[in-house]
Amino acid sequence: MYVVACIKQVPDTTQVQIDPVTNTLKREGVPFIVNPFDTHAIEESLRLKDRFGFRVAAITMGPPNAEYALRKAISMGVDEVILLSDRAFGGADTLATSKVLTEAILKLSTKDEVPLIICGRQTIDGDTAQVGPGIATRLNYSQLTLVDRIEHIDIENRKIIVRRKLEGRYEIVESILPSLLTVVREINKPRYPKVPSRLLADESEIPIWDNKFLKLDEQTIGLKGSPTRVVKIFSPEREKGEIIGDGLKDPEGAAKLLIEKLLSKELLPF
Amino acid sequence: MTAQNVFFGIIVIASLIFFSWSCYKRFNLVTLGKPENRFQNVWKRLMGVLVYVFAQKRVINKPFGFNHFFLFWSFMILLLANTEFLINGIFPNISFALLGKPLNHGLLFLFDIVSFIALICVLNAFIRRLFFTPSYLETPYVKAKSFDALLILSLIGILMLAYFGIHGAEIILTDINLHTYMPFSNITSKIFANFSIPTIENISQVSWWVHAIVLLTFLNYLPYSKHMHILAAIPNCYFRNLEKPNTQPREIFKKGMQYGVSKVQDFTWKDLLDGYACTECGRCQDACPAYNTDKPLNPRQVIHDMKINLLENGKYIKKQENPKVPLISNIGEGSISEDAIWSCTTCGACLDICPELIEHMPKIIKMRRFLVEMESKFPEELLNLFENIEQRSNPWGIAPADRVKWASYMNVEEFNADKNEYLFYVGCAGSFDSRNKQVTLAIAQLLNTSGISWGILGKEEKCCGDSLRRLGNEYVFDKIAQENVTLLKNKGVKKIITQCPHCYNTLKNDYKQFGLDVQVIHHSELINKLLDTKKINIKHPADNLGNMVYHDSCYLGRHNDIYEAPRNVIELSTGNKPIEMNRNKNNSFCCGAGGGRMWMEENLGVRMNITRVKEAVDKNPKTIGVACPYCLTMFEDGLKDLKLNNIYVKDIAEVVAETLRTDN
Ligand code: SF4
Ligand code: SF4
C-alpha cells in the first residue's frame, strides 16, 4: 500500500523580491527549497510508514530541476519518487496541476492501492491551497484539510480520524479511506536527513513521467488548460508612517522611542 | 644454586609469564580499534617522550606534580635495583658487586637515597588522599580513597620499608663499613643492632621475601589497575597527536560507510590506548567548564567509560559478536550519555592539561558525528541551525542578502585580488548580529585608518561552518568547506583577516585539509602589528574604559596560542596592562559558546557564562575586553542576567577605535 506525498519545489520566498517595474518575481540567484509545508507532508508519510509499513512515494510536477525536491525527499527516507515533467505541463494553474497529479496517482495505483495522499496545506509561492483539494475531488477521495494530528487510522475497516486546526478551534473528524490530507506545520517536526540517505539521494535516478506516458489531452493541461491568468503581481503600498513620542515635551524620550523602533526593525546597522 | 634459588626462579618466571599474558590480553584489545597513522615523525615523537614522560613537563605544572616527578624517577632508578634483586635471587653469584667496589658502592648509595625519597613521596600521596583530598580526584565510579589507589601506595611503601630491612640487616651481617654508602639503611641497622644475630638473620630473610612477593604482586597487579598508566604512558605519549587539537579529521563520504563512533571498536587504536594511559589524576575534570558548571560531562569519565566499555565488550567483539554494553547511553559506568556528549564546548582545556596527552574532545566529536550523521539525533535547537546554515548560509536563517547591510554605512570595496592586499572575512556574527556589527565597523574603521588595502566578499561570503564541524555535522561542513575554499581560491585571496576566532581557526586549520593555503590573521594580531608599526596612532588613551580585564577566547588562545597580541593592544590603547582573571591564558575558562553550544539551550547545571562573568567581576573591572563575537555575546548576556549594567564588554578593536575618537 502506498502513501503518496505531493510536494512542490518553490523559490525561497523570503529571499524573493518583486521587480517594481515589470511586476514579476525577481528569481535570479534565489535558491529553491522544498515548500516548507510539504516537508511536513513527507514527514507524516514517513511516520505512517514506520507505523504501518506503507510504501512512501513522493511526486512533484515541475521543470527538470524540480528533481532537487525529490532528492531531498529521498534523503528524508521516501521509497519512491516520480517527477512529472513535460513542456505540455508548463504554465499550469491549480486546476491543470491537479489534473496531472491525479492522473499520475491513478497510474501509480495500478501498481498498488493508494489509501492515503498527503499534501502541505499550501505552497509559499502560490498560497492558493487548492491543488490538494483538487486532487481529492478528481480522485473522489475524502478531503481532510488543515490536519494537525492523525488521531487514528484503521486500515482494515478503512477509517481515519484526524484533528483539523481551524481558526480558534479544533475539529475532530472521522472519514472513510481513501483520503487526501493537507497538513499544517504543527503536525510534526520534519526529520533531518541522515548521511547514508543523502548519499543515496545524490545517486538515485529520478524517474520522469511525461505526457507520452500519462496521455492527457493537451488542451486540458498546462497553460492551455489553465483558466486562471495572473494579471499583476505587486507589493502592497506601504502604510503611512506614525508619529511616536512627543518631541517637544520630551525630546529625549522621543529619540529613545525612535531609536528603539529603528533598531527593532533592523534599520540601523547595529 | 640452592633449592630456594630454584623455587624463587620458578616464581619469578611464572610471574613474568602471567604479567606478559595480562599485558597482552589488555593491549591486544587496542588492536580492535580502527587504523590511524600515528607513526610519522619519529624524532619529534621521541623528543616528546623525553619531555612529557622523562621530564614530566605537564605533570609538574601543578605543585603536587613534583611528588610524582620524584616518585617517577625513584621508580626508574629502582627498576635497576629491582632487576638485580630478581636476578640475584635466582643466581646468587650475579650482583652489582661484580662491577667492582666503587661502582657498587655508588649504586648502593643512589638506591638508598632514592628509596627514601620514594618512601616520602608515597607518604605524601597517602596523606593527600586521606586528609587533603582534592575534589577533582573523585568521580561517581572512582573514589579518591579507592582500594586501588591505596593498595598501590601501600605496596610501594612496603617495598621501600622491606628494602631498608634487607639492607639494614646487610650492614650488620656482611660489612659494617657499608653504612657509609647507605645512610638510610644505616638507621634500620642501628635499630637492629640491639637484636641477636639469628634474629637479624630472620629479619633479613623475612624482609627479602616480603620485598620479593610485594614486588611481584605489584607487577602483576599493574595491568589491572589505574597504574596501567605506568605501562601505557610511554607508548601513549609517543603516539600522541603532534598537532594542536584545533581541527578534526575529514571523513570520506561513500555509500555503505558508517560515520562517527557508536561502538567502542569504531574508535581508533590510539583512542583506545588513551583509556589505558589515564592515571585518574582528575586534572581534566578540574579544568572542564562543563563539569564545573554541573553538566553531565566529565572528560575523565569519558575516557574511563570508554576503557570500561572496551574491557567489558572486548571478548564479544573479538568473537565478532555484538557488544553487550552500549557505548552511547545513560545506563551508567561504561557508557557515555548523549547529554554528556552535547555538553562539550570543545574548549580544549582537558587536552591542554592532561599529563598523559590524552585526547578527550576529539572522541566526543566522533560520537557527535555518529549521532548527527547516522541517527539524526541531536538537541532540537540544532535542527534550525543545521538547516539555516545549509540553506541560508548563516546560523540565524536571515536572508543572505542582508549580510552586507552593515557596510551600507561606509564605503566598503568588494575584494579584488588586483587591488586589495587583504580580504576581511567578516563572518556571520559580525555580519548579522547587531552588537557584533559594531565591532565590524570598528575594525573597518581601523583598517581604513591604517591605509592598508582591503575588501570583503560581500554577498558571496558564507558561513565558515565551524559550528557544524564541532557539532559533528561533518557532511554539511565538508560541502561548505569545499565551496568556500573554491571561492577563496578563485578570488585569488592570499591574506585573510578574521574578526572571529572560530572563522580564524576554521579558515586556518580546518580548510588546510581542503587545500586552502593562505595567510590567516586574526584582527588582534593585525591591529597589534598596525599599532606597533605606527600605521595606527593612538590619539588619546582610552582611559574612559577604566580597569579592564581580558578574557581569552578558547579558539584564539588555547587552540591557536594567541595570548599576547590582544593584551598588547589593550596595553597600548589604555596605557595599562589588562587585569588577569584567576584562570587565564591556556587556563582560561570557556564562555560557554564554543563547540556549537552557542546555538543550544543551556538547561543543565549553572550557566557557564555567568560563572565566567562572576570570575571577571571579582577583579572589579569597568570593562571586560574580548576578542571573539561569541564571547562578547556571552559576557553581555551574563552581565544582563546579573543586572550589572555598569560594566562594559568591548572587543579590542572597539577599544582601539575609542582612542581615535575626536569628540572627547
Ligand atoms: S573540550 Fe572543554 S568542555 Fe569539552 S570535555 Fe574538554 S574541557 Fe570539557
Ligand atoms: S584523562 Fe588525563 S587529565 Fe584526565 S584524569 Fe586521566 S590522566 Fe588525568
# chains A, B, ... in the order shown; residues from 1 in each chain; ligands from 1

$ interface_residues --of "chain A" --to "chain B" --cutoff "7 Å" --atoms "only C-alpha atoms" --output "PDB file with N, CA, C and O atoms, in the first residue's frame"
ATOM      1  N   THR A  14      11.335  34.099   1.100  1.00  0.00           N
ATOM      2  CA  THR A  14      11.858  35.143   1.961  1.00  0.00           C
ATOM      3  C   THR A  14      13.007  35.856   1.270  1.00  0.00           C
ATOM      4  O   THR A  14      13.441  36.910   1.706  1.00  0.00           O
ATOM      5  N   GLN A  15      13.511  35.255   0.203  1.00  0.00           N
ATOM      6  CA  GLN A  15      14.628  35.877  -0.499  1.00  0.00           C
ATOM      7  C   GLN A  15      14.207  36.445  -1.862  1.00  0.00           C
ATOM      8  O   GLN A  15      15.026  36.883  -2.640  1.00  0.00           O
ATOM      9  N   TYR A 192      15.657  15.288  10.153  1.00  0.00           N
ATOM     10  CA  TYR A 192      16.865  15.781   9.490  1.00  0.00           C
ATOM     11  C   TYR A 192      17.474  14.614   8.734  1.00  0.00           C
ATOM     12  O   TYR A 192      17.618  13.523   9.290  1.00  0.00           O
ATOM     13  N   PRO A 193      17.802  14.801   7.459  1.00  0.00           N
ATOM     14  CA  PRO A 193      18.286  13.656   6.677  1.00  0.00           C
ATOM     15  C   PRO A 193      19.585  13.073   7.227  1.00  0.00           C
ATOM     16  O   PRO A 193      20.477  13.804   7.636  1.00  0.00           O
ATOM     17  N   LYS A 194      19.644  11.764   7.221  1.00  0.00           N
ATOM     18  CA  LYS A 194      20.880  11.095   7.639  1.00  0.00           C
ATOM     19  C   LYS A 194      21.825  11.022   6.441  1.00  0.00           C
ATOM     20  O   LYS A 194      21.374  11.033   5.296  1.00  0.00           O
ATOM     21  N   VAL A 195      23.101  10.905   6.735  1.00  0.00           N
ATOM     22  CA  VAL A 195      24.074  10.941   5.641  1.00  0.00           C
ATOM     23  C   VAL A 195      23.899   9.787   4.647  1.00  0.00           C
ATOM     24  O   VAL A 195      23.918  10.014   3.439  1.00  0.00           O
ATOM     25  N   PRO A 196      23.708   8.548   5.108  1.00  0.00           N
ATOM     26  CA  PRO A 196      23.561   7.488   4.105  1.00  0.00           C
ATOM     27  C   PRO A 196      22.413   7.757   3.140  1.00  0.00           C
ATOM     28  O   PRO A 196      22.548   7.532   1.935  1.00  0.00           O
ATOM     29  N   LEU A 199      23.411  10.386   0.629  1.00  0.00           N
ATOM     30  CA  LEU A 199      24.260   9.867  -0.446  1.00  0.00           C
ATOM     31  C   LEU A 199      23.418   9.090  -1.448  1.00  0.00           C
ATOM     32  O   LEU A 199      23.604   9.194  -2.655  1.00  0.00           O
ATOM     33  N   PRO A 269      22.545  49.873  11.444  1.00  0.00           N
ATOM     34  CA  PRO A 269      23.493  48.768  11.267  1.00  0.00           C
ATOM     35  C   PRO A 269      23.825  48.072  12.585  1.00  0.00           C
ATOM     36  O   PRO A 269      24.528  47.095  12.592  1.00  0.00           O
ATOM     37  N   PHE A 270      23.401  48.608  13.724  1.00  0.00           N
ATOM     38  CA  PHE A 270      23.706  47.946  14.983  1.00  0.00           C
ATOM     39  C   PHE A 270      22.545  48.087  15.952  1.00  0.00           C
ATOM     40  O   PHE A 270      21.586  48.782  15.674  1.00  0.00           O
TER      41      PHE A 270
END

$ residues_around --residues "region 29-33 of chain A" --least-positions-apart "4" --cutoff "6 Å" --atoms "only C-alpha atoms" --output "PDB file with C-alpha atoms, in the first residue's frame"
ATOM      1  CA  GLN A   9       9.783  22.941  -5.297  1.00  0.00           C
ATOM      2  CA  VAL A  10       9.454  26.664  -4.632  1.00  0.00           C
ATOM      3  CA  PRO A  11      11.781  29.644  -4.580  1.00  0.00           C
ATOM      4  CA  ASP A  12      12.755  30.624  -1.057  1.00  0.00           C
TER       5      ASP A  12
END

$ residues_near_ligand --ligand "ligand 1" --cutoff "6 Å" --atoms "only C-alpha atoms and all ligand atoms" --output "PyMOL selection string"
chain B and resi 287-290+299+344-350+361

$ write_last_selection --atoms "N, CA, C and O atoms" --output "tab-separated table (two decimals), in the first residue's frame"
chain	number	residue	atom	x	y	z
B	287	ALA	N	39.54	21.13	35.10
B	287	ALA	CA	39.64	22.22	34.14
B	287	ALA	C	38.38	22.36	33.30
B	287	ALA	O	38.12	23.41	32.73
B	288	CYS	N	37.60	21.30	33.20
B	288	CYS	CA	36.49	21.27	32.24
B	288	CYS	C	35.36	22.23	32.63
B	288	CYS	O	34.78	22.12	33.70
B	289	PRO	N	35.04	23.18	31.77
B	289	PRO	CA	33.98	24.13	32.09
B	289	PRO	C	32.61	23.46	32.20
B	289	PRO	O	31.76	23.89	32.97
B	290	ALA	N	32.42	22.39	31.44
B	290	ALA	CA	31.13	21.71	31.50
B	290	ALA	C	30.98	21.05	32.87
B	290	ALA	O	29.98	21.23	33.57
B	299	PRO	N	35.36	14.91	31.28
B	299	PRO	CA	36.24	14.30	30.27
B	299	PRO	C	36.94	13.03	30.78
B	299	PRO	O	37.14	12.08	30.04
B	344	CYS	N	29.83	19.37	25.64
B	344	CYS	CA	31.21	19.80	25.42
B	344	CYS	C	31.26	21.09	24.59
B	344	CYS	O	30.59	21.20	23.58
B	345	THR	N	32.06	22.04	25.04
B	345	THR	CA	32.22	23.28	24.27
B	345	THR	C	33.46	23.21	23.37
B	345	THR	O	33.84	24.21	22.77
B	346	THR	N	34.09	22.07	23.32
B	346	THR	CA	35.33	21.84	22.56
B	346	THR	C	36.41	22.85	22.93
B	346	THR	O	37.25	23.19	22.11
B	347	CYS	N	36.37	23.30	24.19
B	347	CYS	CA	37.29	24.35	24.61
B	347	CYS	C	38.74	23.88	24.64
B	347	CYS	O	39.67	24.69	24.60
B	348	GLY	N	38.95	22.59	24.74
B	348	GLY	CA	40.31	22.06	24.67
B	348	GLY	C	41.06	22.10	25.99
B	348	GLY	O	42.23	21.73	26.05
B	349	ALA	N	40.40	22.51	27.06
B	349	ALA	CA	41.10	22.60	28.36
B	349	ALA	C	41.57	21.22	28.81
B	349	ALA	O	42.66	21.08	29.37
B	350	CYS	N	40.76	20.22	28.57
B	350	CYS	CA	41.11	18.87	29.01
B	350	CYS	C	42.39	18.41	28.31
B	350	CYS	O	43.30	17.87	28.95
B	361	MET	N	38.36	15.48	23.76
B	361	MET	CA	37.34	16.14	22.97
B	361	MET	C	37.16	15.53	21.57
B	361	MET	O	36.02	15.39	21.12

$ select_by_dssp --residues "region 333-496 of chain B" --states "alpha helix (DSSP H)" --output "PyMOL selection string"
chain B and resi 338-343+349-353+360-369+381-392+427-432+434-450+466-470+474-490

$ residues_near_ligand --ligand "ligand 2" --cutoff "8 Å" --atoms "only C-alpha atoms and all ligand atoms" --output "NGL selection string"
:B and (274 or 277-285 or 299-300 or 303-304 or 350-351 or 353-360)

$ atom_distance --atom1 "CA of Asp210 (chain A)" --atom2 "CA of Ile135 (chain A)"
18.3 Å

$ closest_residue --among "A:Gly222, A:Pro133, A:Gly77, A:Pro207" --to "Glu44 (chain A)" --atoms "only C-alpha atoms"
A:Gly77

$ residues_around --residues "Phe116 (chain B)" --least-positions-apart "2" --cutoff "10 Å" --atoms "only C-alpha atoms" --output "list in words"
Ser74, Phe111, Asp112, Ile113, Val114, Ala118, Leu119, Ile120, Cys121, Val122, Gly157, Met160, Leu161, Tyr163, Phe164, Pro183, Phe184 and Ser185 of chain B

$ residues_around --residues "region 500-512 of chain B" --least-positions-apart "5" --cutoff "8 Å" --atoms "only C-alpha atoms" --output "PyMOL selection string"
chain B and resi 246-248+426-427+429-430+464-466+481+485+517-522+553+555-556+559-560+627-629

$ residues_around --residues "Leu146 (chain A)" --least-positions-apart "3" --cutoff "7 Å" --atoms "only C-alpha atoms" --output "JSON, numbers by chain"
{"A": [121, 164, 165, 182, 183, 184]}

$ residues_around --residues "region 582-592 of chain B" --least-positions-apart "4" --cutoff "6 Å" --atoms "only C-alpha atoms" --output "list in words"
Asp552, Arg558, Met608, Asn609 and Cys631 of chain B

$ write_last_selection --atoms "N, CA, C and O atoms" --output "mmCIF file, in the first residue's frame"
data_model
loop_
_atom_site.group_PDB
_atom_site.id
_atom_site.type_symbol
_atom_site.label_atom_id
_atom_site.label_comp_id
_atom_site.auth_asym_id
_atom_site.auth_seq_id
_atom_site.Cartn_x
_atom_site.Cartn_y
_atom_site.Cartn_z
ATOM 1 N N ASP B 552 40.426 35.337 27.593
ATOM 2 C CA ASP B 552 40.975 34.599 26.456
ATOM 3 C C ASP B 552 39.901 33.717 25.841
ATOM 4 O O ASP B 552 39.334 32.858 26.520
ATOM 5 N N ARG B 558 43.947 28.922 23.631
ATOM 6 C CA ARG B 558 44.365 27.526 23.728
ATOM 7 C C ARG B 558 44.541 26.850 22.362
ATOM 8 O O ARG B 558 45.506 26.138 22.132
ATOM 9 N N MET B 608 27.338 28.682 32.159
ATOM 10 C CA MET B 608 28.787 28.815 32.051
ATOM 11 C C MET B 608 29.187 30.291 31.957
ATOM 12 O O MET B 608 30.165 30.726 32.557
ATOM 13 N N ASN B 609 28.393 31.070 31.183
ATOM 14 C CA ASN B 609 28.778 32.473 31.017
ATOM 15 C C ASN B 609 28.662 33.228 32.336
ATOM 16 O O ASN B 609 29.483 34.084 32.645
ATOM 17 N N CYS B 631 32.155 35.341 22.601
ATOM 18 C CA CYS B 631 32.450 35.747 23.975
ATOM 19 C C CYS B 631 31.719 37.054 24.283
ATOM 20 O O CYS B 631 31.167 37.226 25.365
#

$ decode --residues "region 37-54 of chain A" --atoms "N, CA and C atoms" --output "mmCIF file, in the first residue's frame"
data_model
loop_
_atom_site.group_PDB
_atom_site.id
_atom_site.type_symbol
_atom_site.label_atom_id
_atom_site.label_comp_id
_atom_site.auth_asym_id
_atom_site.auth_seq_id
_atom_site.Cartn_x
_atom_site.Cartn_y
_atom_site.Cartn_z
ATOM 1 N N PHE A 37 5.661 23.533 3.901
ATOM 2 C CA PHE A 37 4.528 22.714 4.356
ATOM 3 C C PHE A 37 4.658 21.281 3.839
ATOM 4 N N ASP A 38 5.240 21.147 2.656
ATOM 5 C CA ASP A 38 5.352 19.813 2.069
ATOM 6 C C ASP A 38 6.353 18.938 2.809
ATOM 7 N N THR A 39 7.348 19.577 3.457
ATOM 8 C CA THR A 39 8.281 18.741 4.226
ATOM 9 C C THR A 39 7.528 18.077 5.378
ATOM 10 N N HIS A 40 6.468 18.749 5.854
ATOM 11 C CA HIS A 40 5.659 18.124 6.904
ATOM 12 C C HIS A 40 4.827 16.982 6.323
ATOM 13 N N ALA A 41 4.424 17.145 5.069
ATOM 14 C CA ALA A 41 3.678 16.063 4.413
ATOM 15 C C ALA A 41 4.574 14.838 4.255
ATOM 16 N N ILE A 42 5.822 15.083 3.862
ATOM 17 C CA ILE A 42 6.767 13.959 3.726
ATOM 18 C C ILE A 42 6.962 13.296 5.083
ATOM 19 N N GLU A 43 7.184 14.115 6.092
ATOM 20 C CA GLU A 43 7.436 13.574 7.427
ATOM 21 C C GLU A 43 6.254 12.715 7.889
ATOM 22 N N GLU A 44 5.035 13.220 7.680
ATOM 23 C CA GLU A 44 3.877 12.461 8.164
ATOM 24 C C GLU A 44 3.761 11.141 7.402
ATOM 25 N N SER A 45 4.074 11.183 6.109
ATOM 26 C CA SER A 45 4.034 9.934 5.328
ATOM 27 C C SER A 45 5.031 8.937 5.882
ATOM 28 N N LEU A 46 6.225 9.453 6.236
ATOM 29 C CA LEU A 46 7.272 8.560 6.742
ATOM 30 C C LEU A 46 6.875 7.984 8.104
ATOM 31 N N ARG A 47 6.177 8.795 8.887
ATOM 32 C CA ARG A 47 5.732 8.278 10.189
ATOM 33 C C ARG A 47 4.706 7.172 9.995
ATOM 34 N N LEU A 48 3.851 7.349 8.989
ATOM 35 C CA LEU A 48 2.860 6.296 8.718
ATOM 36 C C LEU A 48 3.558 5.031 8.226
ATOM 37 N N LYS A 49 4.624 5.250 7.475
ATOM 38 C CA LYS A 49 5.408 4.102 7.010
ATOM 39 C C LYS A 49 5.972 3.352 8.224
ATOM 40 N N ASP A 50 6.531 4.139 9.164
ATOM 41 C CA ASP A 50 7.105 3.499 10.347
ATOM 42 C C ASP A 50 6.040 2.728 11.127
ATOM 43 N N ARG A 51 4.816 3.258 11.133
ATOM 44 C CA ARG A 51 3.770 2.604 11.936
ATOM 45 C C ARG A 51 3.102 1.453 11.196
ATOM 46 N N PHE A 52 2.833 1.655 9.916
ATOM 47 C CA PHE A 52 2.010 0.666 9.217
ATOM 48 C C PHE A 52 2.729 -0.044 8.079
ATOM 49 N N GLY A 53 3.963 0.354 7.834
ATOM 50 C CA GLY A 53 4.701 -0.306 6.763
ATOM 51 C C GLY A 53 4.272 0.112 5.366
ATOM 52 N N PHE A 54 3.640 1.271 5.243
ATOM 53 C CA PHE A 54 3.307 1.766 3.894
ATOM 54 C C PHE A 54 4.576 1.947 3.075
#
